[in-house]
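Trainee: File follows, protein.txt with compact mmCIF, C-alpha atoms:
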```
# COMPACT_ATOMS: atom_id res chain seq x y z
CA MET A 1 283.45 -10.76 19.11
CA TYR A 2 286.85 -9.14 18.69
CA ILE A 3 288.97 -9.72 15.57
CA LEU A 4 292.77 -9.63 15.31
CA GLU A 5 295.02 -10.11 12.27
CA THR A 6 298.77 -10.64 12.73
CA TYR A 7 300.99 -11.65 9.84
CA LYS A 8 304.47 -13.15 9.45
CA LEU A 9 305.29 -13.65 13.13
CA LYS A 10 307.80 -16.32 14.15
CA GLY A 11 306.42 -19.65 15.30
CA SER A 12 306.85 -19.34 19.05
CA LYS A 13 305.37 -15.83 18.95
CA ASN A 14 302.29 -17.08 17.08
CA MET A 15 301.63 -19.73 19.71
CA ALA A 16 302.30 -17.26 22.53
CA VAL A 17 299.82 -14.76 21.04
CA ASP A 18 297.11 -17.44 20.91
CA VAL A 19 297.62 -18.17 24.61
CA ALA A 20 297.80 -14.47 25.48
CA LEU A 21 294.47 -14.01 23.70
CA GLY A 22 292.99 -16.56 26.09
CA GLN A 23 293.88 -14.29 29.00
CA LEU A 24 292.58 -11.23 27.17
CA ALA A 25 289.31 -12.93 26.16
CA VAL A 26 288.54 -13.50 29.84
CA GLU A 27 289.20 -9.81 30.60
CA LEU A 28 287.02 -8.71 27.67
CA ASN A 29 284.43 -11.42 28.41
CA ASP A 30 284.04 -11.94 24.68
CA VAL A 31 285.08 -14.26 21.88
CA ILE A 32 288.29 -13.40 20.00
CA LEU A 33 288.86 -14.45 16.38
CA ARG A 34 292.36 -14.26 14.93
CA PHE A 35 293.85 -14.78 11.46
CA TYR A 36 297.59 -15.10 10.99
CA THR A 37 300.55 -16.35 8.96
CA TRP A 38 304.14 -17.38 9.75
CA GLU A 39 307.51 -15.71 9.25
CA HIS A 40 309.03 -18.95 7.92
CA PRO A 41 307.58 -22.36 7.04
CA THR A 42 307.02 -23.82 10.50
CA LEU A 43 306.52 -27.37 11.72
CA SER A 44 304.19 -27.38 14.72
CA LEU A 45 303.98 -30.40 16.98
CA GLY A 46 301.03 -31.29 19.18
CA LYS A 47 301.40 -30.55 22.90
CA HIS A 48 302.21 -34.17 23.80
CA GLN A 49 303.73 -35.27 20.49
CA LYS A 50 307.22 -36.76 20.73
CA ALA A 51 309.93 -34.93 18.80
CA SER A 52 312.46 -37.77 18.70
CA ASP A 53 311.59 -38.65 15.08
CA VAL A 54 311.90 -35.06 13.81
CA ASP A 55 314.59 -34.65 11.15
CA PHE A 56 316.18 -31.52 12.60
CA ASP A 57 318.89 -31.53 9.94
CA TYR A 58 316.25 -31.34 7.22
CA LEU A 59 314.50 -28.46 8.99
CA GLU A 60 317.73 -26.53 9.36
CA GLU A 61 318.83 -27.12 5.75
CA ASN A 62 315.52 -25.77 4.48
CA GLY A 63 315.18 -22.85 6.88
CA PHE A 64 312.09 -24.28 8.61
CA ASP A 65 311.10 -23.26 12.12
CA ILE A 66 309.70 -25.71 14.69
CA VAL A 67 307.37 -25.09 17.63
CA ARG A 68 305.20 -27.02 20.04
CA ARG A 69 301.53 -26.03 20.09
CA PRO A 70 299.53 -25.54 23.28
CA SER A 71 296.91 -27.82 21.67
CA GLY A 72 297.00 -31.55 21.01
CA GLY A 73 296.99 -33.40 17.73
CA ARG A 74 299.72 -34.18 15.24
CA ALA A 75 302.25 -32.27 13.20
CA VAL A 76 301.40 -29.53 10.70
CA LEU A 77 303.75 -27.72 8.33
CA HIS A 78 302.45 -24.14 8.27
CA TRP A 79 303.35 -22.53 4.96
CA ASP A 80 300.89 -21.36 2.29
CA GLU A 81 297.77 -21.23 4.41
CA VAL A 82 295.32 -19.11 6.35
CA THR A 83 295.81 -19.90 10.02
CA TYR A 84 292.92 -19.10 12.34
CA SER A 85 292.31 -19.22 16.07
CA ILE A 86 289.19 -18.64 18.10
CA ILE A 87 289.08 -18.19 21.85
CA ILE A 88 285.93 -18.79 23.90
CA PRO A 89 286.09 -17.33 27.46
CA ARG A 90 284.48 -19.10 30.41
CA GLY A 91 281.66 -16.55 30.56
CA HIS A 92 280.41 -17.38 27.06
CA GLU A 93 277.60 -19.89 26.49
CA LEU A 94 279.74 -21.94 24.08
CA PHE A 95 282.22 -22.66 26.89
CA LYS A 96 279.78 -25.34 28.06
CA LEU A 97 280.00 -27.31 24.82
CA GLY A 98 281.98 -30.53 24.60
CA VAL A 99 285.08 -30.85 22.45
CA LEU A 100 283.38 -32.39 19.42
CA GLU A 101 280.29 -30.20 19.71
CA LEU A 102 282.37 -27.02 19.52
CA TYR A 103 284.66 -28.50 16.86
CA ASN A 104 281.60 -29.27 14.75
CA LEU A 105 280.15 -25.78 15.20
CA ILE A 106 283.37 -23.98 14.25
CA SER A 107 283.92 -26.30 11.29
CA LYS A 108 280.43 -25.52 9.99
CA ILE A 109 281.18 -21.79 10.16
CA ILE A 110 284.43 -22.25 8.22
CA VAL A 111 282.66 -24.40 5.63
CA ALA A 112 280.03 -21.68 5.16
CA GLY A 113 282.72 -19.02 4.66
CA LEU A 114 284.60 -21.10 2.09
CA ASN A 115 281.42 -22.22 0.31
CA LYS A 116 280.52 -18.55 -0.23
CA LEU A 117 283.67 -18.22 -2.34
CA GLY A 118 282.76 -21.28 -4.38
CA TYR A 119 284.98 -23.82 -2.65
CA PRO A 120 283.01 -27.11 -2.47
CA VAL A 121 284.39 -28.06 0.94
CA GLU A 122 282.33 -30.22 3.26
CA LEU A 123 282.31 -31.68 6.74
CA THR A 124 283.42 -35.28 7.22
CA THR A 125 281.79 -37.55 9.76
CA GLY A 126 284.64 -40.07 9.82
CA LYS A 127 286.62 -41.01 12.92
CA ASN A 128 289.90 -41.86 11.24
CA LYS A 129 293.15 -41.50 13.14
CA PRO A 130 296.48 -40.80 11.41
CA SER A 131 298.92 -43.71 11.54
CA SER A 132 301.87 -41.34 11.37
CA HIS A 133 303.06 -38.08 12.94
CA ILE A 134 301.23 -36.01 10.31
CA CYS A 135 297.91 -34.27 10.94
CA PHE A 136 296.80 -34.08 7.30
CA GLN A 137 297.21 -37.80 6.57
CA VAL A 138 293.48 -38.51 7.04
CA PRO A 139 290.40 -36.52 8.14
CA SER A 140 288.81 -37.33 11.48
CA ALA A 141 285.41 -36.39 12.91
CA TYR A 142 283.97 -32.99 11.92
CA GLU A 143 286.96 -32.02 9.82
CA ILE A 144 286.79 -30.23 6.49
CA THR A 145 287.62 -31.87 3.19
CA LEU A 146 287.92 -30.81 -0.45
CA ASN A 147 287.26 -33.57 -2.99
CA GLY A 148 287.45 -36.05 -0.11
CA THR A 149 290.90 -34.91 1.06
CA LYS A 150 291.49 -33.02 4.29
CA VAL A 151 292.05 -29.30 3.62
CA VAL A 152 291.60 -27.86 7.12
CA GLY A 153 293.29 -29.26 10.22
CA SER A 154 292.34 -27.97 13.68
CA ALA A 155 293.09 -28.66 17.33
CA GLN A 156 291.72 -27.55 20.69
CA THR A 157 293.03 -26.88 24.15
CA ARG A 158 290.97 -26.13 27.23
CA THR A 159 291.74 -24.40 30.51
CA GLN A 160 289.46 -23.44 33.39
CA ASP A 161 289.31 -19.94 31.90
CA TYR A 162 289.02 -20.37 28.14
CA ILE A 163 288.89 -22.70 25.14
CA LEU A 164 291.35 -22.17 22.30
CA GLN A 165 290.81 -23.76 18.91
CA HIS A 166 293.24 -23.03 16.12
CA GLY A 167 293.88 -24.54 12.73
CA SER A 168 295.32 -24.44 9.23
CA ILE A 169 293.28 -23.72 6.12
CA VAL A 170 295.60 -24.93 3.36
CA LEU A 171 295.99 -22.82 0.22
CA ILE A 172 298.91 -24.71 -1.36
CA PRO A 173 299.96 -28.11 0.05
CA HIS A 174 303.61 -28.99 0.49
CA GLU A 175 304.99 -32.52 0.36
CA GLU A 176 307.93 -31.31 2.41
CA ILE A 177 305.89 -32.29 5.48
CA LYS A 178 306.86 -35.92 4.77
CA HIS A 179 310.55 -35.09 5.01
CA CYS A 180 310.25 -33.36 8.39
CA PHE A 181 310.30 -36.77 10.09
CA LYS A 182 312.78 -39.60 9.66
CA SER A 183 310.06 -42.27 9.42
CA THR A 184 307.62 -40.62 6.97
CA LYS A 185 309.80 -39.76 3.97
CA ASN A 186 308.24 -42.49 1.81
CA LEU A 187 304.73 -42.19 3.22
CA ASP A 188 301.87 -41.65 0.78
CA ILE A 189 299.93 -38.67 2.09
CA PRO A 190 297.03 -37.22 0.06
CA LEU A 191 297.45 -33.45 0.07
CA ILE A 192 295.22 -30.71 -1.32
CA GLY A 193 294.80 -26.96 -1.00
CA LEU A 194 292.07 -24.48 -1.85
CA TYR A 195 294.10 -23.22 -4.80
CA ASP A 196 293.88 -26.68 -6.37
CA HIS A 197 290.24 -25.80 -6.95
CA ALA A 198 290.32 -22.05 -7.56
CA TYR A 199 292.38 -18.98 -6.72
CA ASN A 200 291.07 -16.19 -4.52
CA GLU A 201 293.14 -13.42 -2.96
CA PHE A 202 294.23 -14.13 0.61
CA SER A 203 292.28 -11.07 1.77
CA GLN A 204 289.12 -12.33 0.06
CA ILE A 205 289.34 -15.65 1.87
CA VAL A 206 289.91 -13.99 5.24
CA GLY A 207 287.07 -11.55 4.53
CA SER A 208 284.63 -14.34 3.71
CA LEU A 209 285.62 -16.27 6.83
CA LYS A 210 285.18 -13.15 8.97
CA ARG A 211 281.67 -12.64 7.63
CA ALA A 212 280.79 -16.27 8.31
CA PHE A 213 281.90 -15.94 11.95
CA GLU A 214 280.05 -12.62 12.23
CA ASN A 215 276.89 -14.31 10.96
CA TYR A 216 277.04 -16.48 14.07
CA PHE A 217 278.65 -14.24 16.72
CA GLY A 218 277.51 -10.81 15.53
CA LYS A 219 279.45 -7.88 14.12
CA GLY A 220 283.12 -8.08 15.02
CA THR A 221 285.22 -5.32 16.61
CA GLU A 222 288.71 -5.00 15.16
CA PHE A 223 291.56 -4.77 17.66
CA ASP A 224 292.72 -1.19 18.12
CA GLU A 225 296.38 -0.29 18.53
CA ASN A 226 296.22 -0.41 22.33
CA LEU A 227 294.76 -3.92 22.40
CA GLN A 228 297.29 -5.14 19.82
CA THR A 229 300.15 -3.73 21.88
CA LYS A 230 298.74 -5.29 25.05
CA VAL A 231 298.43 -8.80 23.61
CA LEU A 232 301.91 -8.68 22.07
CA GLU A 233 303.35 -7.62 25.43
CA ILE A 234 301.49 -10.37 27.31
CA SER A 235 302.62 -12.95 24.75
CA THR A 236 306.32 -12.25 25.41
CA GLY A 237 306.11 -14.14 28.70
CA PHE A 238 304.74 -17.26 27.01
CA GLU A 239 307.08 -17.62 24.03
CA LYS A 240 309.64 -19.86 25.73
CA ASN A 241 306.91 -22.46 26.39
CA PHE A 242 306.61 -23.29 22.70
CA VAL A 243 310.25 -23.44 21.62
CA VAL A 244 311.54 -26.88 20.60
CA MET A 245 315.28 -27.19 21.18
CA LYS A 246 317.16 -29.72 19.04
CA ASP A 247 319.90 -30.25 21.63
CA GLU A 248 317.39 -31.01 24.39
CA ILE A 249 315.56 -33.56 22.23
CA LEU A 250 318.75 -35.31 21.11
CA ALA A 251 320.06 -35.41 24.68
CA LYS A 252 316.99 -37.47 25.69
CA GLU A 253 317.54 -40.09 23.00
```
Could you express the structure from this file as structure tokens?

Mentor:
Amino acid sequence: MYILETYKLKGSKNMAVDVALGQLAVELNDVILRFYTWEHPTLSLGKHQKASDVDFDYLEENGFDIVRRPSGGRAVLHWDEVTYSIIIPRGHELFKLGVLELYNLISKIIVAGLNKLGYPVELTTGKNKPSSHICFQVPSAYEITLNGTKVVGSAQTRTQDYILQHGSIVLIPHEEIKHCFKSTKNLDIPLIGLYDHAYNEFSQIVGSLKRAFENYFGKGTEFDENLQTKVLEISTGFEKNFVVMKDEILAKE
């Protein structure tokens, strides 16, 4: 397993790096684990999620970025969180697992890493579906909750070459997510973050999660400078795929 950390990249770059890592994972024939953050608070939409209800004026007034993920699911406002991604190449045994099987496995690893720091998070077995645009409205199957409220939201995408799963581990929740859409401003959404239970340094949380993944996949190899440069260069060609243009959305209405 290879490990990469990239912090404070813009939204489209973050999504492009995740996709570029899919290509690199196939070349390396190994799993890649990534931790990252965002340059600005960023609203990410699922691959097939309609953007017609997005309040672009609100996003602009507050300096929020917006991107479209390569994965499915509903909207997430990435802000005070640890964002992770894990890429499974086609040559790895886990590539054969179904969507929920792999989702369950990765969720268990994250739970173990957070439990080690004293966070009483647990896996939910529910099959709830959000009734709005917002991912964190309710937990669905094999998602992670804290005091019964969803604290980790994840999504998957699959190609013939790799599986990408990425997600948000919330540190501090933000009600601003409700105002990112015209129809959800008065919606009651239960929100919680790890810091509602206890504070740990960002680096401690990432470190504990790394160790939990290493307990399953074996000792990780950190990206060297050459690999980092390579993935950033590859990602440049993908960035445009994840940009959401206000004018294009409004023109379709």

Trainee: Could you state the separation of CA of Thr149 in chain A and CA of Gly63 in chain A in Å, given to one decimal place?

Mentor: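 Separating CA of Thr149 in chain A from CA of Gly63 in chain A is a distance of 27.7 Å.
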
Trainee: From the set A:Leu105, A:Val151, A:Glu225, A:Tyr119, which residue has the shortest atom-to-atom contact distance to Ala198 in chain A, counting all atoms listed in the file?

Mentor: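 Nearest candidate to Ala198 in chain A out of A:Leu105, A:Val151, A:Glu225, A:Tyr119: A:Tyr119.
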
Trainee: Show me, as a list of chain:residue names, the residues that have an atom within 9 Å of Gln23 in chain A when counting only C-alpha atoms, minus same-chain residues fewer than 5 positions from it.

Mentor: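 The residues satisfying every condition are A:Leu28, A:Pro89, A:Asp161, A:Tyr162, A:Val231, A:Ile234.
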
Trainee: First collect every listed atom of range 177-182 of chain A; then fit an axis-aligned box around them, widen it by 6 Å on each side, and give centre and edge lengths in Å to one decimal, as JSON.

Mentor:
```
{"center_x": 309.3, "center_y": -35.9, "center_z": 7.4, "size_x": 18.9, "size_y": 19.3, "size_z": 17.3}
```

Trainee: With distances taken over only C-alpha atoms, which of A:Ala16, A:Val152, A:Leu117, A:Ile88 is nearest to Val67 in chain A?

Mentor: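 Using only C-alpha atoms, Val67 in chain A sits closest to A:Ala16.
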